[in-house]
file structure21.cif (mmCIF, C-alpha atoms)
data_target
loop_
_atom_site.group_PDB
_atom_site.id
_atom_site.type_symbol
_atom_site.label_atom_id
_atom_site.label_comp_id
_atom_site.auth_asym_id
_atom_site.auth_seq_id
_atom_site.Cartn_x
_atom_site.Cartn_y
_atom_site.Cartn_z
ATOM 1 C CA MET A 1 15.418 -45.894 -63.512
ATOM 2 C CA ARG A 2 12.369 -43.617 -63.691
ATOM 3 C CA THR A 3 11.257 -42.065 -60.404
ATOM 4 C CA ASP A 4 7.690 -42.873 -59.430
ATOM 5 C CA PRO A 5 5.561 -39.703 -59.923
ATOM 6 C CA PHE A 6 4.138 -40.129 -56.424
ATOM 7 C CA PHE A 7 7.554 -39.594 -54.853
ATOM 8 C CA THR A 8 8.363 -36.787 -57.282
ATOM 9 C CA HIS A 9 5.252 -34.893 -56.181
ATOM 10 C CA ARG A 10 5.048 -36.050 -52.557
ATOM 11 C CA GLY A 11 5.935 -32.596 -51.170
ATOM 12 C CA LEU A 12 3.183 -31.033 -53.277
ATOM 13 C CA LEU A 13 0.645 -33.646 -52.165
ATOM 14 C CA PHE A 14 1.469 -33.117 -48.501
ATOM 15 C CA THR A 15 1.196 -29.346 -48.917
ATOM 16 C CA VAL A 16 -2.242 -29.626 -50.570
ATOM 17 C CA ALA A 17 -3.483 -31.903 -47.791
ATOM 18 C CA TYR A 18 -1.981 -29.772 -45.018
ATOM 19 C CA GLU A 19 -3.458 -26.533 -46.369
ATOM 20 C CA MET A 20 -6.868 -28.177 -46.537
ATOM 21 C CA LEU A 21 -6.685 -29.813 -43.110
ATOM 22 C CA GLY A 22 -4.393 -27.651 -40.979
ATOM 23 C CA SER A 23 -2.986 -30.814 -39.433
ATOM 24 C CA ALA A 24 0.287 -32.484 -40.422
ATOM 25 C CA ALA A 25 -0.744 -35.792 -38.866
ATOM 26 C CA ASP A 26 -3.996 -35.871 -40.842
ATOM 27 C CA ALA A 27 -2.185 -34.711 -43.990
ATOM 28 C CA GLU A 28 0.252 -37.617 -43.676
ATOM 29 C CA ASP A 29 -2.677 -40.039 -43.384
ATOM 30 C CA VAL A 30 -4.226 -38.586 -46.534
ATOM 31 C CA VAL A 31 -0.929 -38.802 -48.440
ATOM 32 C CA GLN A 32 -0.547 -42.447 -47.396
ATOM 33 C CA GLU A 33 -4.073 -43.218 -48.597
ATOM 34 C CA THR A 34 -3.242 -41.430 -51.860
ATOM 35 C CA TRP A 35 -0.216 -43.705 -52.300
ATOM 36 C CA LEU A 36 -2.350 -46.831 -51.804
ATOM 37 C CA ARG A 37 -4.861 -45.662 -54.390
ATOM 38 C CA TRP A 38 -2.125 -44.599 -56.824
ATOM 39 C CA ASP A 39 -0.379 -47.951 -56.448
ATOM 40 C CA ALA A 40 -3.611 -49.756 -57.342
ATOM 41 C CA VAL A 41 -4.238 -48.001 -60.688
ATOM 42 C CA ASP A 42 -2.817 -48.791 -64.119
ATOM 43 C CA GLN A 43 -0.330 -45.933 -64.142
ATOM 44 C CA ALA A 44 0.455 -46.426 -67.813
ATOM 45 C CA GLN A 45 -3.047 -45.149 -68.590
ATOM 46 C CA VAL A 46 -2.600 -41.927 -66.589
ATOM 47 C CA ARG A 47 -1.785 -39.055 -68.967
ATOM 48 C CA ASP A 48 -0.945 -36.442 -66.324
ATOM 49 C CA PRO A 49 0.275 -38.099 -63.097
ATOM 50 C CA ARG A 50 0.622 -34.801 -61.215
ATOM 51 C CA ALA A 51 -2.960 -33.753 -61.900
ATOM 52 C CA TYR A 52 -4.223 -37.267 -61.174
ATOM 53 C CA LEU A 53 -2.420 -37.382 -57.816
ATOM 54 C CA VAL A 54 -3.664 -33.930 -56.850
ATOM 55 C CA ARG A 55 -7.226 -35.078 -57.580
ATOM 56 C CA ILE A 56 -6.800 -38.125 -55.350
ATOM 57 C CA VAL A 57 -5.266 -36.218 -52.434
ATOM 58 C CA THR A 58 -7.884 -33.464 -52.674
ATOM 59 C CA ARG A 59 -10.790 -35.892 -52.606
ATOM 60 C CA GLN A 60 -9.330 -37.783 -49.655
ATOM 61 C CA ALA A 61 -8.600 -34.565 -47.770
ATOM 62 C CA LEU A 62 -12.097 -33.257 -48.476
ATOM 63 C CA ASN A 63 -13.698 -36.432 -47.119
ATOM 64 C CA LEU A 64 -11.610 -36.208 -43.958
ATOM 65 C CA LEU A 65 -12.188 -32.468 -43.582
ATOM 66 C CA ARG A 66 -15.939 -32.985 -43.404
ATOM 67 C CA THR A 67 -15.401 -35.373 -40.496
ATOM 68 C CA LEU A 68 -12.889 -33.099 -38.781
ATOM 69 C CA THR A 69 -15.191 -30.091 -39.033
ATOM 70 C CA ARG A 70 -17.709 -31.876 -36.827
ATOM 71 C CA ARG A 71 -14.987 -33.099 -34.434
ATOM 72 C CA ARG A 72 -13.492 -29.614 -34.025
ATOM 73 C CA GLU A 73 -16.812 -28.282 -32.824
ATOM 74 C CA ASP A 74 -16.185 -30.271 -29.604
ATOM 75 C CA TYR A 75 -12.563 -29.124 -29.246
ATOM 76 C CA VAL A 76 -11.706 -27.630 -25.856
ATOM 77 C CA GLY A 77 -10.903 -23.929 -26.294
ATOM 78 C CA GLU A 78 -9.686 -22.359 -29.523
ATOM 79 C CA TRP A 79 -8.403 -24.603 -32.330
ATOM 80 C CA LEU A 80 -5.209 -23.520 -34.097
ATOM 81 C CA PRO A 81 -3.424 -25.261 -36.998
ATOM 82 C CA GLU A 82 -0.549 -27.617 -36.232
ATOM 83 C CA PRO A 83 2.728 -25.646 -36.556
ATOM 84 C CA LEU A 84 5.469 -26.903 -38.865
ATOM 85 C CA LEU A 85 9.167 -26.168 -38.706
ATOM 86 C CA THR A 86 10.076 -24.968 -42.209
ATOM 87 C CA SER A 87 13.314 -24.209 -44.021
ATOM 88 C CA PRO A 88 14.359 -20.629 -44.958
ATOM 89 C CA ASP A 89 13.555 -21.210 -48.640
ATOM 90 C CA ILE A 90 9.837 -21.379 -47.811
ATOM 91 C CA ALA A 91 9.949 -17.779 -46.567
ATOM 92 C CA GLU A 92 11.530 -16.749 -49.869
ATOM 93 C CA ASP A 93 8.406 -17.930 -51.714
ATOM 94 C CA VAL A 94 6.180 -15.150 -50.393
ATOM 95 C CA GLU A 95 2.928 -16.562 -51.762
ATOM 96 C CA LEU A 96 3.572 -20.047 -50.377
ATOM 97 C CA ALA A 97 4.686 -18.640 -47.014
ATOM 98 C CA GLU A 98 1.522 -16.569 -46.721
ATOM 99 C CA SER A 99 -0.702 -19.478 -47.734
ATOM 100 C CA VAL A 100 0.724 -21.792 -45.044
ATOM 101 C CA SER A 101 0.987 -19.145 -42.329
ATOM 102 C CA ILE A 102 -0.833 -19.846 -39.081
ATOM 103 C CA ALA A 103 -2.893 -16.711 -39.677
ATOM 104 C CA MET A 104 -4.069 -17.835 -43.126
ATOM 105 C CA LEU A 105 -4.771 -21.416 -42.068
ATOM 106 C CA THR A 106 -6.835 -20.061 -39.184
ATOM 107 C CA VAL A 107 -8.893 -18.011 -41.646
ATOM 108 C CA LEU A 108 -9.340 -21.043 -43.904
ATOM 109 C CA GLU A 109 -10.900 -22.856 -40.945
ATOM 110 C CA THR A 110 -13.892 -20.519 -41.291
ATOM 111 C CA LEU A 111 -14.670 -21.747 -44.832
ATOM 112 C CA THR A 112 -16.857 -24.705 -45.656
ATOM 113 C CA PRO A 113 -14.907 -27.806 -46.740
ATOM 114 C CA THR A 114 -15.792 -27.274 -50.407
ATOM 115 C CA GLU A 115 -14.945 -23.554 -50.281
ATOM 116 C CA ARG A 116 -11.613 -24.402 -48.701
ATOM 117 C CA ALA A 117 -10.794 -26.977 -51.379
ATOM 118 C CA VAL A 118 -11.634 -24.557 -54.193
ATOM 119 C CA PHE A 119 -9.702 -21.701 -52.597
ATOM 120 C CA VAL A 120 -6.580 -23.777 -51.972
ATOM 121 C CA LEU A 121 -6.532 -25.381 -55.414
ATOM 122 C CA ARG A 122 -7.239 -22.136 -57.270
ATOM 123 C CA GLU A 123 -5.460 -19.449 -55.270
ATOM 124 C CA VAL A 124 -2.461 -21.414 -54.005
ATOM 125 C CA PHE A 125 -1.871 -24.075 -56.634
ATOM 126 C CA ASP A 126 -3.339 -22.233 -59.628
ATOM 127 C CA LEU A 127 -5.482 -25.071 -60.949
ATOM 128 C CA SER A 128 -8.009 -24.126 -63.613
ATOM 129 C CA TYR A 129 -11.709 -24.071 -62.833
ATOM 130 C CA GLY A 130 -12.088 -27.036 -65.178
ATOM 131 C CA GLU A 131 -9.503 -29.084 -63.261
ATOM 132 C CA ILE A 132 -11.090 -28.220 -59.940
ATOM 133 C CA ALA A 133 -14.548 -29.035 -61.298
ATOM 134 C CA GLU A 134 -13.347 -32.476 -62.363
ATOM 135 C CA THR A 135 -11.811 -33.044 -58.936
ATOM 136 C CA LEU A 136 -14.944 -32.027 -57.040
ATOM 137 C CA ASP A 137 -17.506 -33.445 -59.486
ATOM 138 C CA LYS A 138 -19.034 -30.022 -60.072
ATOM 139 C CA THR A 139 -19.473 -27.771 -63.075
ATOM 140 C CA PRO A 140 -16.839 -25.098 -63.824
ATOM 141 C CA ALA A 141 -19.513 -22.438 -63.351
ATOM 142 C CA ALA A 142 -20.353 -23.757 -59.889
ATOM 143 C CA VAL A 143 -16.676 -23.893 -58.948
ATOM 144 C CA ARG A 144 -16.152 -20.334 -60.155
ATOM 145 C CA GLN A 145 -19.035 -19.142 -57.960
ATOM 146 C CA ILE A 146 -17.719 -21.058 -54.932
ATOM 147 C CA GLY A 147 -14.254 -19.616 -55.539
ATOM 148 C CA HIS A 148 -15.606 -16.065 -55.714
ATOM 149 C CA ARG A 149 -17.455 -16.557 -52.420
ATOM 150 C CA ALA A 150 -14.378 -18.079 -50.751
ATOM 151 C CA ARG A 151 -12.074 -15.271 -51.938
ATOM 152 C CA ARG A 152 -14.441 -12.620 -50.611
ATOM 153 C CA HIS A 153 -14.701 -14.430 -47.283
ATOM 154 C CA VAL A 154 -10.911 -14.759 -46.941
ATOM 155 C CA ALA A 155 -10.295 -11.149 -48.010
ATOM 156 C CA ASP A 156 -12.666 -9.935 -45.281
ATOM 157 C CA ARG A 157 -10.869 -11.936 -42.564
ATOM 158 C CA ARG A 158 -7.238 -12.226 -43.711
ATOM 159 C CA PRO A 159 -4.908 -10.193 -41.477
ATOM 160 C CA ARG A 160 -2.662 -7.770 -43.331
ATOM 161 C CA MET A 161 0.963 -8.484 -42.517
ATOM 162 C CA GLU A 162 4.587 -7.540 -43.104
ATOM 163 C CA VAL A 163 5.951 -9.326 -46.170
ATOM 164 C CA ASP A 164 9.663 -8.841 -45.569
ATOM 165 C CA PRO A 165 11.081 -11.656 -43.358
ATOM 166 C CA GLY A 166 13.677 -9.266 -41.933
ATOM 167 C CA GLN A 167 10.972 -6.921 -40.705
ATOM 168 C CA GLN A 168 9.030 -9.836 -39.253
ATOM 169 C CA GLN A 169 12.130 -11.024 -37.399
ATOM 170 C CA ALA A 170 12.814 -7.556 -36.007
ATOM 171 C CA VAL A 171 9.289 -7.327 -34.590
ATOM 172 C CA MET A 172 9.599 -10.832 -33.116
ATOM 173 C CA GLU A 173 12.810 -9.845 -31.323
ATOM 174 C CA ARG A 174 11.256 -6.630 -29.959
ATOM 175 C CA PHE A 175 8.239 -8.616 -28.809
ATOM 176 C CA MET A 176 10.301 -11.200 -26.919
ATOM 177 C CA SER A 177 12.482 -8.522 -25.378
ATOM 178 C CA ALA A 178 9.374 -6.732 -24.109
ATOM 179 C CA VAL A 179 7.915 -9.959 -22.661
ATOM 180 C CA ARG A 180 11.142 -10.615 -20.758
ATOM 181 C CA THR A 181 10.937 -7.200 -19.064
ATOM 182 C CA GLY A 182 7.594 -8.060 -17.534
ATOM 183 C CA LYS A 183 6.571 -4.438 -18.054
ATOM 184 C CA VAL A 184 3.254 -3.423 -19.581
ATOM 185 C CA GLU A 185 4.752 -0.200 -20.951
ATOM 186 C CA ALA A 186 7.389 -2.071 -22.955
ATOM 187 C CA LEU A 187 4.756 -4.370 -24.433
ATOM 188 C CA LEU A 188 2.434 -1.522 -25.381
ATOM 189 C CA GLU A 189 5.217 -0.134 -27.560
ATOM 190 C CA VAL A 190 5.275 -3.266 -29.713
ATOM 191 C CA LEU A 191 1.574 -4.251 -29.673
ATOM 192 C CA ALA A 192 -0.981 -2.747 -32.052
ATOM 193 C CA PRO A 193 -3.987 -1.136 -30.288
ATOM 194 C CA ASP A 194 -6.356 -3.813 -31.638
ATOM 195 C CA VAL A 195 -4.024 -6.793 -31.136
ATOM 196 C CA VAL A 196 -5.640 -10.209 -30.677
ATOM 197 C CA MET A 197 -4.074 -13.129 -28.774
ATOM 198 C CA VAL A 198 -5.235 -16.705 -29.373
ATOM 199 C CA GLY A 199 -4.042 -19.752 -27.437
ATOM 200 C CA ASP A 200 -4.503 -23.457 -28.102
ATOM 201 C CA GLY A 201 -3.964 -25.850 -25.208
ATOM 202 C CA GLY A 202 -6.417 -28.499 -26.358
ATOM 203 C CA GLY A 203 -7.686 -28.871 -22.801
ATOM 204 C CA ILE A 204 -4.273 -30.309 -21.877
ATOM 205 C CA ALA A 205 -1.947 -27.346 -21.370
ATOM 206 C CA PRO A 206 -3.137 -24.149 -19.645
ATOM 207 C CA THR A 207 -3.715 -21.187 -21.926
ATOM 208 C CA VAL A 208 -6.344 -18.543 -22.663
ATOM 209 C CA ARG A 209 -9.614 -20.261 -23.554
ATOM 210 C CA GLN A 210 -11.012 -17.373 -25.587
ATOM 211 C CA PRO A 211 -9.233 -14.795 -27.778
ATOM 212 C CA ILE A 212 -7.952 -11.785 -25.803
ATOM 213 C CA GLU A 213 -8.450 -8.474 -27.611
ATOM 214 C CA GLY A 214 -6.897 -5.062 -27.132
ATOM 215 C CA ALA A 215 -3.358 -3.939 -26.338
ATOM 216 C CA ALA A 216 -4.043 -3.214 -22.658
ATOM 217 C CA ARG A 217 -5.451 -6.680 -21.922
ATOM 218 C CA VAL A 218 -2.852 -8.570 -23.980
ATOM 219 C CA ALA A 219 0.010 -6.543 -22.518
ATOM 220 C CA ALA A 220 -1.177 -7.159 -18.964
ATOM 221 C CA LEU A 221 -1.387 -10.909 -19.593
ATOM 222 C CA LEU A 222 2.038 -11.129 -21.250
ATOM 223 C CA ALA A 223 3.668 -8.896 -18.625
ATOM 224 C CA ALA A 224 2.339 -11.109 -15.847
ATOM 225 C CA ALA A 225 3.696 -14.181 -17.611
ATOM 226 C CA GLY A 226 7.071 -12.517 -18.093
ATOM 227 C CA ARG A 227 7.305 -11.602 -14.395
ATOM 228 C CA LEU A 228 6.316 -15.077 -13.235
ATOM 229 C CA VAL A 229 8.826 -16.856 -15.440
ATOM 230 C CA SER A 230 12.338 -15.535 -15.054
ATOM 231 C CA ASP A 231 14.024 -18.342 -17.002
ATOM 232 C CA ILE A 232 12.403 -18.617 -20.421
ATOM 233 C CA GLY A 233 14.382 -20.639 -22.920
ATOM 234 C CA ALA A 234 13.583 -19.071 -26.296
ATOM 235 C CA SER A 235 14.713 -20.355 -29.691
ATOM 236 C CA SER A 236 14.167 -18.371 -32.886
ATOM 237 C CA VAL A 237 12.919 -20.626 -35.693
ATOM 238 C CA GLN A 238 10.942 -20.583 -38.939
ATOM 239 C CA ILE A 239 7.403 -21.851 -38.401
ATOM 240 C CA ASN A 240 5.098 -22.125 -41.405
ATOM 241 C CA GLY A 241 7.369 -19.855 -43.426
ATOM 242 C CA SER A 242 7.603 -17.043 -40.859
ATOM 243 C CA PRO A 243 9.867 -16.129 -37.925
ATOM 244 C CA ALA A 244 8.606 -17.666 -34.690
ATOM 245 C CA LEU A 245 9.666 -18.568 -31.163
ATOM 246 C CA VAL A 246 9.825 -21.880 -29.372
ATOM 247 C CA LEU A 247 9.589 -21.216 -25.642
ATOM 248 C CA ASP A 248 10.640 -23.783 -23.054
ATOM 249 C CA VAL A 249 9.600 -22.939 -19.527
ATOM 250 C CA PRO A 250 10.846 -25.267 -16.758
ATOM 251 C CA GLY A 251 7.903 -27.212 -15.382
ATOM 252 C CA ASP A 252 5.440 -25.619 -17.790
ATOM 253 C CA GLY A 253 6.121 -27.325 -21.100
ATOM 254 C CA ARG A 254 6.718 -25.941 -24.566
ATOM 255 C CA THR A 255 4.980 -23.138 -26.445
ATOM 256 C CA VAL A 256 5.279 -22.138 -30.096
ATOM 257 C CA VAL A 257 4.555 -18.449 -30.617
ATOM 258 C CA THR A 258 3.860 -17.011 -34.051
ATOM 259 C CA LEU A 259 2.980 -13.403 -34.748
ATOM 260 C CA VAL A 260 1.365 -11.254 -37.396
ATOM 261 C CA ALA A 261 3.029 -7.851 -37.671
ATOM 262 C CA LEU A 262 2.090 -4.754 -39.625
ATOM 263 C CA HIS A 263 3.920 -1.416 -39.664
ATOM 264 C CA GLY A 264 6.262 -2.637 -36.932
ATOM 265 C CA ARG A 265 3.485 -3.574 -34.479
ATOM 266 C CA VAL A 266 2.100 -6.979 -33.502
ATOM 267 C CA THR A 267 -1.531 -7.385 -34.563
ATOM 268 C CA HIS A 268 -2.000 -11.097 -33.760
ATOM 269 C CA VAL A 269 -0.325 -13.467 -31.315
ATOM 270 C CA TYR A 270 -0.845 -17.221 -31.747
ATOM 271 C CA ALA A 271 0.360 -19.441 -28.894
ATOM 272 C CA MET A 272 0.328 -23.202 -29.490
ATOM 273 C CA ARG A 273 0.600 -25.184 -26.254
ATOM 274 C CA ASN A 274 -1.240 -28.412 -27.089
ATOM 275 C CA PRO A 275 1.591 -31.008 -26.850
ATOM 276 C CA HIS A 276 -0.179 -33.255 -29.354
ATOM 277 C CA LYS A 277 0.389 -30.583 -32.005
ATOM 278 C CA LEU A 278 4.074 -29.941 -31.344
ATOM 279 C CA GLY A 279 5.565 -33.016 -32.976
ATOM 280 C CA ARG A 280 6.687 -31.293 -36.189
ATOM 281 C CA ILE A 281 8.939 -28.569 -34.810
ATOM 282 C CA SER A 282 12.197 -30.536 -34.531
ATOM 283 C CA ASP A 283 12.821 -31.336 -38.204
ATOM 284 C CA ALA A 284 11.900 -29.117 -41.154
ATOM 285 C CA THR A 285 8.906 -30.262 -43.186
ATOM 286 C CA PRO A 286 9.361 -29.937 -46.977
ATOM 287 C CA LEU A 287 6.543 -27.992 -48.623
ATOM 288 C CA SER A 288 6.133 -27.202 -52.322
ATOM 289 C CA ARG A 289 3.723 -25.851 -54.903
#
call {"tool": "encode", "arguments": {"input": "structure21.cif", "output": "structure tokens"}}
result
Amino acid sequence: MRTDPFFTHRGLLFTVAYEMLGSAADAEDVVQETWLRWDAVDQAQVRDPRAYLVRIVTRQALNLLRTLTRRREDYVGEWLPEPLLTSPDIAEDVELAESVSIAMLTVLETLTPTERAVFVLREVFDLSYGEIAETLDKTPAAVRQIGHRARRHVADRRPRMEVDPGQQQAVMERFMSAVRTGKVEALLEVLAPDVVMVGDGGGIAPTVRQPIEGAARVAALLAAAGRLVSDIGASSVQINGSPALVLDVPGDGRTVVTLVALHGRVTHVYAMRNPHKLGRISDATPLSR
């Protein structure tokens, strides 16, 4: 019995939607809508089911992204992408791991919806300008220009990071060890001078409302937290293709911490505390290109 192309490519469709939206819940909605539309067409007339399905999911994600962009303007505090628990094989695909990293998805949030669609389809999934043009109802020349603008924008804002997962893990362990000491000096040894810390509590869980910049300020904040909480339950996991920590503090809820590291120092700290965004960290989410 032939497997329905939708189910064959479901992981790909979810990944496209998630990279465009930064939300697993919204990506699932888009994938479900894609299934309904796919089920309603005469599939025998579809020459390339994969390309056809990618077009559907992209258009649906783009429509939703335009709505979400307006909604996120009213979000309380900083907005971070929804973290996903991922399997070790995602980290082995360096390009995929980088494209779904919290750092990259945060950068993609600064693009317009159309720029984001072009960037994701071209740079991550390697679609031709002609295929993207057909998907977005634009000319290949227009898509090429949008892609050039998006690449320049991302290159200017994308954090440089360690590629080797082992090096990332080593920095994560040094970071957590320093937090547990509650000492500023220990944290300064692992933080880059220009480190930036971003928290997302969604107005529900307490966290920093604005990004905190500079090693001295970030170290002071983390040291204070480490001294106040003597019993931090920390689990090492893979989040969005990179080593991360799930912290459980009695009476204070759960936090997912992801880092960007370069040359053995932490350059970015992302702390997700919004409980509405922590539903996908128990079971690994399959992603594919």
call {"tool": "closest_residue", "arguments": {"input": "structure21.cif", "among": "A:Gln43, A:Thr181, A:Ser242, A:Thr58", "to": "Ala97 (chain A)", "atoms": "all atoms listed in the file"}}
result
A:Ser242
call {"tool": "resolve_selection", "arguments": {"input": "structure21.cif", "expression": "the PyMOL selection byres ((chain A and resi 261) around 9)", "output": "ChimeraX atom specification"}}
result
/A:160-162,167-168,171-172,191-192,259-260,262-268
call {"tool": "write_last_selection", "arguments": {"input": "structure21.cif", "atoms": "C-alpha atoms", "output": "compact mmCIF listing (two decimals), keeping the file's coordinate frame"}}
result
# COMPACT_ATOMS: atom_id res chain seq x y z
CA ARG A 160 -2.66 -7.77 -43.33
CA MET A 161 0.96 -8.48 -42.52
CA GLU A 162 4.59 -7.54 -43.10
CA GLN A 167 10.97 -6.92 -40.70
CA GLN A 168 9.03 -9.84 -39.25
CA VAL A 171 9.29 -7.33 -34.59
CA MET A 172 9.60 -10.83 -33.12
CA LEU A 191 1.57 -4.25 -29.67
CA ALA A 192 -0.98 -2.75 -32.05
CA LEU A 259 2.98 -13.40 -34.75
CA VAL A 260 1.36 -11.25 -37.40
CA LEU A 262 2.09 -4.75 -39.62
CA HIS A 263 3.92 -1.42 -39.66
CA GLY A 264 6.26 -2.64 -36.93
CA ARG A 265 3.48 -3.57 -34.48
CA VAL A 266 2.10 -6.98 -33.50
CA THR A 267 -1.53 -7.38 -34.56
CA HIS A 268 -2.00 -11.10 -33.76
call {"tool": "closest_residue", "arguments": {"input": "structure21.cif", "among": "A:Arg289, A:Arg59, A:His276, A:Arg157", "to": "Leu21 (chain A)", "atoms": "only C-alpha atoms"}}
result
A:Arg59
call {"tool": "resolve_selection", "arguments": {"input": "structure21.cif", "expression": "the PyMOL selection byres ((chain A and resi 187-189) around 10)", "output": "VMD selection string"}}
result
chain A and resid 174 to 186 190 to 193 215 to 216 218 to 220 222 to 223 264 to 266
call {"tool": "residues_near_point", "arguments": {"input": "structure21.cif", "point": "(-12.1, -33.1, -39.9)", "cutoff": "12 Å", "atoms": "all atoms listed in the file", "output": "ChimeraX atom specification"}}
result
/A:17-18,20-23,25-27,30,60-75,79,109,112-113
call {"tool": "resolve_selection", "arguments": {"input": "structure21.cif", "expression": "the PyMOL selection byres ((chain A and resi 119-125) around 10)", "output": "ChimeraX atom specification"}}
result
/A:12,15-17,19-20,54-55,58,95-96,98-100,108,111,113-118,126-129,131-132,135,143-144,146-151,154,288-289
call {"tool": "atom_distance", "arguments": {"input": "structure21.cif", "atom1": "CA of Ile102 (chain A)", "atom2": "CA of Asp137 (chain A)"}}
result
29.7 Å
call {"tool": "atom_distance", "arguments": {"input": "structure21.cif", "atom1": "CA of Ala225 (chain A)", "atom2": "CA of Val256 (chain A)"}}
result
14.9 Å
call {"tool": "closest_residue", "arguments": {"input": "structure21.cif", "among": "A:Val269, A:Ile281, A:Ile204, A:Val57", "to": "Gly253 (chain A)", "atoms": "all atoms listed in the file"}}
result
A:Ile204
call {"tool": "residues_near_point", "arguments": {"input": "structure21.cif", "point": "(11.1, -15.9, -30.1)", "cutoff": "7 Å", "atoms": "all atoms listed in the file", "output": "ChimeraX atom specification"}}
result
/A:172-173,176,234-236,244-246
call {"tool": "axis_aligned_box", "arguments": {"input": "structure21.cif", "around": "region 278-281 of chain A", "padding_each_side": "4 Å", "output": "lines of an AutoDock Vina configuration file"}}
result
center_x = 6.5
center_y = -30.8
center_z = -33.8
size_x = 12.9
size_y = 12.4
size_z = 12.8
call {"tool": "closest_residue", "arguments": {"input": "structure21.cif", "among": "A:Ala155, A:Ala40, A:Val76, A:Leu247", "to": "Gln210 (chain A)", "atoms": "all atoms listed in the file"}}
result
A:Val76
call {"tool": "residues_around", "arguments": {"input": "structure21.cif", "residues": "Asn240 (chain A)", "least_positions_apart": "6", "cutoff": "6 Å", "atoms": "all atoms listed in the file", "output": "list of chain:residue names"}}
result
A:Leu84, A:Thr86, A:Val100, A:Ser101
call {"tool": "atom_distance", "arguments": {"input": "structure21.cif", "atom1": "CA of Gly226 (chain A)", "atom2": "CA of Val198 (chain A)"}}
result
17.2 Å
call {"tool": "build_atoms", "arguments": {"input": "structure21.cif", "residues": "region 15-19 of chain A", "atoms": "all heavy atoms", "output": "PDB file, keeping the file's coordinate frame"}}
result
ATOM      1  N   THR A  15       1.543 -30.756 -49.082  1.00  0.00           N
ATOM      2  CA  THR A  15       1.196 -29.346 -48.917  1.00  0.00           C
ATOM      3  C   THR A  15      -0.285 -29.112 -49.207  1.00  0.00           C
ATOM      4  O   THR A  15      -0.964 -28.373 -48.478  1.00  0.00           O
ATOM      5  CB  THR A  15       2.059 -28.464 -49.830  1.00  0.00           C
ATOM      6  OG1 THR A  15       3.444 -28.759 -49.595  1.00  0.00           O
ATOM      7  CG2 THR A  15       1.819 -26.988 -49.554  1.00  0.00           C
ATOM      8  N   VAL A  16      -0.809 -29.739 -50.266  1.00  0.00           N
ATOM      9  CA  VAL A  16      -2.242 -29.626 -50.570  1.00  0.00           C
ATOM     10  C   VAL A  16      -3.065 -30.123 -49.387  1.00  0.00           C
ATOM     11  O   VAL A  16      -3.996 -29.447 -48.914  1.00  0.00           O
ATOM     12  CB  VAL A  16      -2.607 -30.415 -51.843  1.00  0.00           C
ATOM     13  CG1 VAL A  16      -4.125 -30.457 -52.022  1.00  0.00           C
ATOM     14  CG2 VAL A  16      -1.959 -29.804 -53.076  1.00  0.00           C
ATOM     15  N   ALA A  17      -2.718 -31.309 -48.887  1.00  0.00           N
ATOM     16  CA  ALA A  17      -3.483 -31.903 -47.791  1.00  0.00           C
ATOM     17  C   ALA A  17      -3.373 -31.056 -46.526  1.00  0.00           C
ATOM     18  O   ALA A  17      -4.365 -30.834 -45.819  1.00  0.00           O
ATOM     19  CB  ALA A  17      -2.995 -33.326 -47.527  1.00  0.00           C
ATOM     20  N   TYR A  18      -2.181 -30.567 -46.233  1.00  0.00           N
ATOM     21  CA  TYR A  18      -1.981 -29.772 -45.018  1.00  0.00           C
ATOM     22  C   TYR A  18      -2.752 -28.457 -45.092  1.00  0.00           C
ATOM     23  O   TYR A  18      -3.365 -28.027 -44.103  1.00  0.00           O
ATOM     24  CB  TYR A  18      -0.491 -29.505 -44.820  1.00  0.00           C
ATOM     25  CG  TYR A  18      -0.195 -28.593 -43.658  1.00  0.00           C
ATOM     26  CD1 TYR A  18      -0.416 -29.003 -42.347  1.00  0.00           C
ATOM     27  CD2 TYR A  18       0.302 -27.299 -43.873  1.00  0.00           C
ATOM     28  CE1 TYR A  18      -0.154 -28.162 -41.278  1.00  0.00           C
ATOM     29  CE2 TYR A  18       0.572 -26.457 -42.815  1.00  0.00           C
ATOM     30  CZ  TYR A  18       0.348 -26.885 -41.518  1.00  0.00           C
ATOM     31  OH  TYR A  18       0.607 -26.046 -40.463  1.00  0.00           O
ATOM     32  N   GLU A  19      -2.727 -27.798 -46.252  1.00  0.00           N
ATOM     33  CA  GLU A  19      -3.458 -26.533 -46.369  1.00  0.00           C
ATOM     34  C   GLU A  19      -4.966 -26.741 -46.256  1.00  0.00           C
ATOM     35  O   GLU A  19      -5.683 -25.853 -45.803  1.00  0.00           O
ATOM     36  CB  GLU A  19      -3.104 -25.833 -47.683  1.00  0.00           C
ATOM     37  CG  GLU A  19      -1.665 -25.348 -47.706  1.00  0.00           C
ATOM     38  CD  GLU A  19      -1.479 -24.131 -48.583  1.00  0.00           C
ATOM     39  OE1 GLU A  19      -2.457 -23.405 -48.822  1.00  0.00           O
ATOM     40  OE2 GLU A  19      -0.342 -23.913 -49.032  1.00  0.00           O
TER      41      GLU A  19
END
